[in-house]
Amino acid sequence: MARRIRETVAAIPLGKVASYGQVAELAGWPRRARYVARVLGQTPAAARLPWHRVVRADGRIAFVEGSEPFEKQRGRLEAEGVAVLGGRISMRRYRWQPDLSELLFQPPPAE
DNA sequence: CTGATGACTATAG
DNA sequence: CCTATAGCCATCA
């Protein structure tokens, strides 16, 4: 169960992000956004999960702005090309779209 | 059993 | 942009 969550997070491609609720749904656990958050919090760093690619539905990092974990996540995202401006990420640009048909309707990652 | 909590989300004004 | 509200749900004191 929690494993399904981790597998979904692990599937998020580099340079893309997904919201907690999106991960929950893709993993087969609708309305379990908070559960996803807790699973990530309990997953040891040794699991090497791309947890930093999971953000809030509005594109903001879930941690308190300026906190250590917040900065860590921001750093990792920017390191892989995801712009975090004012603590926010453009979901329109970086939201992970696992479905190809929907991917075609996404604006180009130009800029 | 009850109430509080939180790496959440959606909607409204 | 911001605050307020209301759902949500596993977990824990």
# chains A, B, ... in the order shown; residues from 1 in each chain; ligands from 1
>>> closest_atom_pairs(of="chain A", to="chain B", cutoff="9 Å", atoms="only C-alpha atoms (C1' of nucleotides)", output="tab-separated table")
residue	atom	partner	partner_atom	distance
A:Tyr20	CA	B:DC8	C1'	7.0
A:Gly21	CA	B:DC8	C1'	7.2
A:Arg31	CA	B:DT9	C1'	8.8
A:Arg32	CA	B:DC8	C1'	8.2
A:Ala33	CA	B:DC8	C1'	5.3
A:Arg34	CA	B:DC8	C1'	5.2
A:Tyr35	CA	B:DC8	C1'	8.8
A:Val36	CA	B:DA7	C1'	8.6
A:Ala37	CA	B:DA7	C1'	5.0
A:Arg38	CA	B:DA7	C1'	7.1
A:Leu40	CA	B:DA7	C1'	7.6
A:Gly41	CA	B:DA7	C1'	6.9
A:Val54	CA	B:DA7	C1'	8.9
A:Val55	CA	B:DA7	C1'	8.2
A:Arg56	CA	B:DC8	C1'	7.3
A:Ala57	CA	B:DT9	C1'	7.2
A:Ile61	CA	B:DA7	C1'	8.1
A:Ala62	CA	B:DA7	C1'	5.1
A:Phe63	CA	B:DA7	C1'	5.9
>>> select_by_dssp(residues="chain A", states="strand (DSSP E)", output="list of chain:residue names")
A:Ala18, A:Ser19, A:Val54, A:Val55
>>> interface_residues(of="chain C", to="chain A", cutoff="10 Å", atoms="only C-alpha atoms (C1' of nucleotides)", output="list in words")
DC8, DC9 and DA10 of chain C
>>> write_last_selection(atoms="all heavy atoms", output="JSON list (two decimals), in the first residue's frame")
[["chain", "number", "residue", "atom", "x", "y", "z"],
["C", 8, "DC", "P", -16.01, 14.48, 3.10],
["C", 8, "DC", "OP1", -16.61, 13.72, 1.99],
["C", 8, "DC", "OP2", -16.51, 14.34, 4.49],
["C", 8, "DC", "O5'", -14.44, 14.19, 3.14],
["C", 8, "DC", "C5'", -13.70, 14.35, 1.95],
["C", 8, "DC", "C4'", -12.23, 14.13, 2.24],
["C", 8, "DC", "O4'", -11.73, 15.27, 2.98],
["C", 8, "DC", "C3'", -12.03, 12.93, 3.17],
["C", 8, "DC", "O3'", -11.60, 11.81, 2.41],
["C", 8, "DC", "C2'", -10.91, 13.38, 4.11],
["C", 8, "DC", "C1'", -10.67, 14.82, 3.80],
["C", 8, "DC", "N1", -10.70, 15.70, 5.00],
["C", 8, "DC", "C2", -9.50, 16.26, 5.45],
["C", 8, "DC", "O2", -8.46, 15.99, 4.84],
["C", 8, "DC", "N3", -9.52, 17.06, 6.54],
["C", 8, "DC", "C4", -10.67, 17.32, 7.17],
["C", 8, "DC", "N4", -10.63, 18.12, 8.23],
["C", 8, "DC", "C5", -11.90, 16.78, 6.72],
["C", 8, "DC", "C6", -11.87, 15.98, 5.63],
["C", 9, "DC", "P", -12.12, 10.40, 2.96],
["C", 9, "DC", "OP1", -12.12, 9.51, 1.78],
["C", 9, "DC", "OP2", -13.33, 10.56, 3.78],
["C", 9, "DC", "O5'", -10.92, 9.95, 3.91],
["C", 9, "DC", "C5'", -9.60, 9.97, 3.42],
["C", 9, "DC", "C4'", -8.63, 9.72, 4.57],
["C", 9, "DC", "O4'", -8.37, 10.94, 5.28],
["C", 9, "DC", "C3'", -9.16, 8.73, 5.61],
["C", 9, "DC", "O3'", -8.09, 7.96, 6.09],
["C", 9, "DC", "C2'", -9.62, 9.64, 6.71],
["C", 9, "DC", "C1'", -8.52, 10.68, 6.65],
["C", 9, "DC", "N1", -8.79, 11.95, 7.35],
["C", 9, "DC", "C2", -7.71, 12.69, 7.82],
["C", 9, "DC", "O2", -6.57, 12.28, 7.60],
["C", 9, "DC", "N3", -7.93, 13.81, 8.52],
["C", 9, "DC", "C4", -9.18, 14.22, 8.74],
["C", 9, "DC", "N4", -9.36, 15.33, 9.44],
["C", 9, "DC", "C5", -10.31, 13.50, 8.24],
["C", 9, "DC", "C6", -10.07, 12.37, 7.54],
["C", 10, "DA", "P", -8.37, 6.49, 6.54],
["C", 10, "DA", "OP1", -8.58, 5.63, 5.37],
["C", 10, "DA", "OP2", -9.37, 6.56, 7.63],
["C", 10, "DA", "O5'", -6.95, 6.12, 7.19],
["C", 10, "DA", "C5'", -5.78, 6.25, 6.40],
["C", 10, "DA", "C4'", -4.62, 6.69, 7.27],
["C", 10, "DA", "O4'", -4.88, 8.01, 7.80],
["C", 10, "DA", "C3'", -4.38, 5.78, 8.47],
["C", 10, "DA", "O3'", -2.97, 5.67, 8.67],
["C", 10, "DA", "C2'", -5.05, 6.52, 9.62],
["C", 10, "DA", "C1'", -4.87, 7.98, 9.23],
["C", 10, "DA", "N9", -5.93, 8.86, 9.69],
["C", 10, "DA", "C8", -7.29, 8.68, 9.56],
["C", 10, "DA", "N7", -8.01, 9.66, 10.06],
["C", 10, "DA", "C5", -7.06, 10.55, 10.54],
["C", 10, "DA", "C6", -7.18, 11.79, 11.19],
["C", 10, "DA", "N6", -8.33, 12.38, 11.47],
["C", 10, "DA", "N1", -6.05, 12.41, 11.54],
["C", 10, "DA", "C2", -4.87, 11.84, 11.25],
["C", 10, "DA", "N3", -4.64, 10.67, 10.65],
["C", 10, "DA", "C4", -5.79, 10.07, 10.32]]
>>> atom_distance(atom1="CA of Arg95 in chain A", atom2="C1' of DA4 in chain C")
27.8 Å
>>> select_by_dssp(residues="range 23-95 of chain A", states="helix (DSSP H, G or I)", output="number ranges by chain")
A: 23-26, 33-42, 45-47, 51-53, 68-79, 91-94
>>> atom_distance(atom1="CA of Arg53 in chain A", atom2="CA of Leu26 in chain A")
14.6 Å
>>> atom_distance(atom1="CA of Glu80 in chain A", atom2="CA of Trp96 in chain A")
14.1 Å
>>> closest_residue(among="A:Ala24, A:Met1, A:Ile89, A:Ala46", to="Arg74 in chain A", atoms="only C-alpha atoms")
A:Ile89
>>> residues_around(residues="Gly75 in chain A", least_positions_apart="3", cutoff="12 Å", atoms="only C-alpha atoms (C1' of nucleotides)", output="number ranges by chain")
A: 52-53, 61, 66, 68-72, 78-85, 87
>>> write_last_selection(atoms="N, CA, C and O atoms", output="PDB file, in the first residue's frame")
ATOM      1  N   HIS A  52      11.247  15.165  -3.518  1.00  0.00           N
ATOM      2  CA  HIS A  52      11.221  16.603  -3.801  1.00  0.00           C
ATOM      3  C   HIS A  52      10.347  16.949  -4.999  1.00  0.00           C
ATOM      4  O   HIS A  52      10.019  18.105  -5.218  1.00  0.00           O
ATOM      5  N   ARG A  53       9.951  15.921  -5.780  1.00  0.00           N
ATOM      6  CA  ARG A  53       9.118  16.199  -6.950  1.00  0.00           C
ATOM      7  C   ARG A  53       7.631  16.186  -6.599  1.00  0.00           C
ATOM      8  O   ARG A  53       6.781  16.241  -7.487  1.00  0.00           O
ATOM      9  N   ILE A  61       5.693  24.560  -2.299  1.00  0.00           N
ATOM     10  CA  ILE A  61       6.331  23.529  -1.489  1.00  0.00           C
ATOM     11  C   ILE A  61       5.580  23.471  -0.168  1.00  0.00           C
ATOM     12  O   ILE A  61       5.238  24.503   0.405  1.00  0.00           O
ATOM     13  N   GLY A  66      11.391  28.898   3.955  1.00  0.00           N
ATOM     14  CA  GLY A  66      12.602  29.291   4.660  1.00  0.00           C
ATOM     15  C   GLY A  66      13.161  28.203   5.566  1.00  0.00           C
ATOM     16  O   GLY A  66      14.315  28.265   5.962  1.00  0.00           O
ATOM     17  N   GLU A  68      14.572  24.486   6.797  1.00  0.00           N
ATOM     18  CA  GLU A  68      15.631  23.658   6.211  1.00  0.00           C
ATOM     19  C   GLU A  68      15.099  22.721   5.121  1.00  0.00           C
ATOM     20  O   GLU A  68      15.614  22.704   4.007  1.00  0.00           O
ATOM     21  N   PRO A  69      14.059  21.939   5.435  1.00  0.00           N
ATOM     22  CA  PRO A  69      13.532  21.041   4.396  1.00  0.00           C
ATOM     23  C   PRO A  69      13.012  21.795   3.171  1.00  0.00           C
ATOM     24  O   PRO A  69      13.119  21.321   2.045  1.00  0.00           O
ATOM     25  N   PHE A  70      12.478  22.978   3.404  1.00  0.00           N
ATOM     26  CA  PHE A  70      11.964  23.780   2.288  1.00  0.00           C
ATOM     27  C   PHE A  70      13.111  24.107   1.337  1.00  0.00           C
ATOM     28  O   PHE A  70      13.016  23.903   0.122  1.00  0.00           O
ATOM     29  N   GLU A  71      14.193  24.606   1.899  1.00  0.00           N
ATOM     30  CA  GLU A  71      15.346  24.989   1.079  1.00  0.00           C
ATOM     31  C   GLU A  71      15.956  23.781   0.379  1.00  0.00           C
ATOM     32  O   GLU A  71      16.421  23.867  -0.756  1.00  0.00           O
ATOM     33  N   LYS A  72      15.929  22.671   1.071  1.00  0.00           N
ATOM     34  CA  LYS A  72      16.508  21.456   0.499  1.00  0.00           C
ATOM     35  C   LYS A  72      15.715  21.036  -0.739  1.00  0.00           C
ATOM     36  O   LYS A  72      16.279  20.719  -1.778  1.00  0.00           O
ATOM     37  N   GLU A  78      15.435  22.999  -8.370  1.00  0.00           N
ATOM     38  CA  GLU A  78      16.135  23.904  -9.288  1.00  0.00           C
ATOM     39  C   GLU A  78      17.318  23.202  -9.933  1.00  0.00           C
ATOM     40  O   GLU A  78      17.650  23.470 -11.078  1.00  0.00           O
ATOM     41  N   ALA A  79      17.910  22.293  -9.181  1.00  0.00           N
ATOM     42  CA  ALA A  79      19.058  21.550  -9.705  1.00  0.00           C
ATOM     43  C   ALA A  79      18.675  20.711 -10.918  1.00  0.00           C
ATOM     44  O   ALA A  79      19.508  20.403 -11.764  1.00  0.00           O
ATOM     45  N   GLU A  80      17.413  20.338 -11.014  1.00  0.00           N
ATOM     46  CA  GLU A  80      16.995  19.544 -12.170  1.00  0.00           C
ATOM     47  C   GLU A  80      16.144  20.349 -13.139  1.00  0.00           C
ATOM     48  O   GLU A  80      15.378  19.797 -13.917  1.00  0.00           O
ATOM     49  N   GLY A  81      16.282  21.660 -13.047  1.00  0.00           N
ATOM     50  CA  GLY A  81      15.599  22.512 -14.009  1.00  0.00           C
ATOM     51  C   GLY A  81      14.203  23.001 -13.715  1.00  0.00           C
ATOM     52  O   GLY A  81      13.560  23.596 -14.568  1.00  0.00           O
ATOM     53  N   VAL A  82      13.717  22.756 -12.517  1.00  0.00           N
ATOM     54  CA  VAL A  82      12.366  23.214 -12.173  1.00  0.00           C
ATOM     55  C   VAL A  82      12.480  24.571 -11.475  1.00  0.00           C
ATOM     56  O   VAL A  82      13.093  24.680 -10.418  1.00  0.00           O
ATOM     57  N   ALA A  83      11.899  25.582 -12.098  1.00  0.00           N
ATOM     58  CA  ALA A  83      11.977  26.929 -11.527  1.00  0.00           C
ATOM     59  C   ALA A  83      11.040  27.083 -10.331  1.00  0.00           C
ATOM     60  O   ALA A  83       9.860  26.778 -10.401  1.00  0.00           O
ATOM     61  N   VAL A  84      11.614  27.559  -9.239  1.00  0.00           N
ATOM     62  CA  VAL A  84      10.821  27.782  -8.033  1.00  0.00           C
ATOM     63  C   VAL A  84      10.909  29.275  -7.737  1.00  0.00           C
ATOM     64  O   VAL A  84      11.866  29.752  -7.132  1.00  0.00           O
ATOM     65  N   LEU A  85       9.914  30.010  -8.199  1.00  0.00           N
ATOM     66  CA  LEU A  85       9.934  31.453  -8.009  1.00  0.00           C
ATOM     67  C   LEU A  85       8.993  31.868  -6.890  1.00  0.00           C
ATOM     68  O   LEU A  85       7.793  31.581  -6.929  1.00  0.00           O
ATOM     69  N   GLY A  87       8.897  30.693  -4.047  1.00  0.00           N
ATOM     70  CA  GLY A  87       8.393  29.503  -3.368  1.00  0.00           C
ATOM     71  C   GLY A  87       7.320  28.776  -4.165  1.00  0.00           C
ATOM     72  O   GLY A  87       6.715  27.838  -3.682  1.00  0.00           O
TER      73      GLY A  87
END
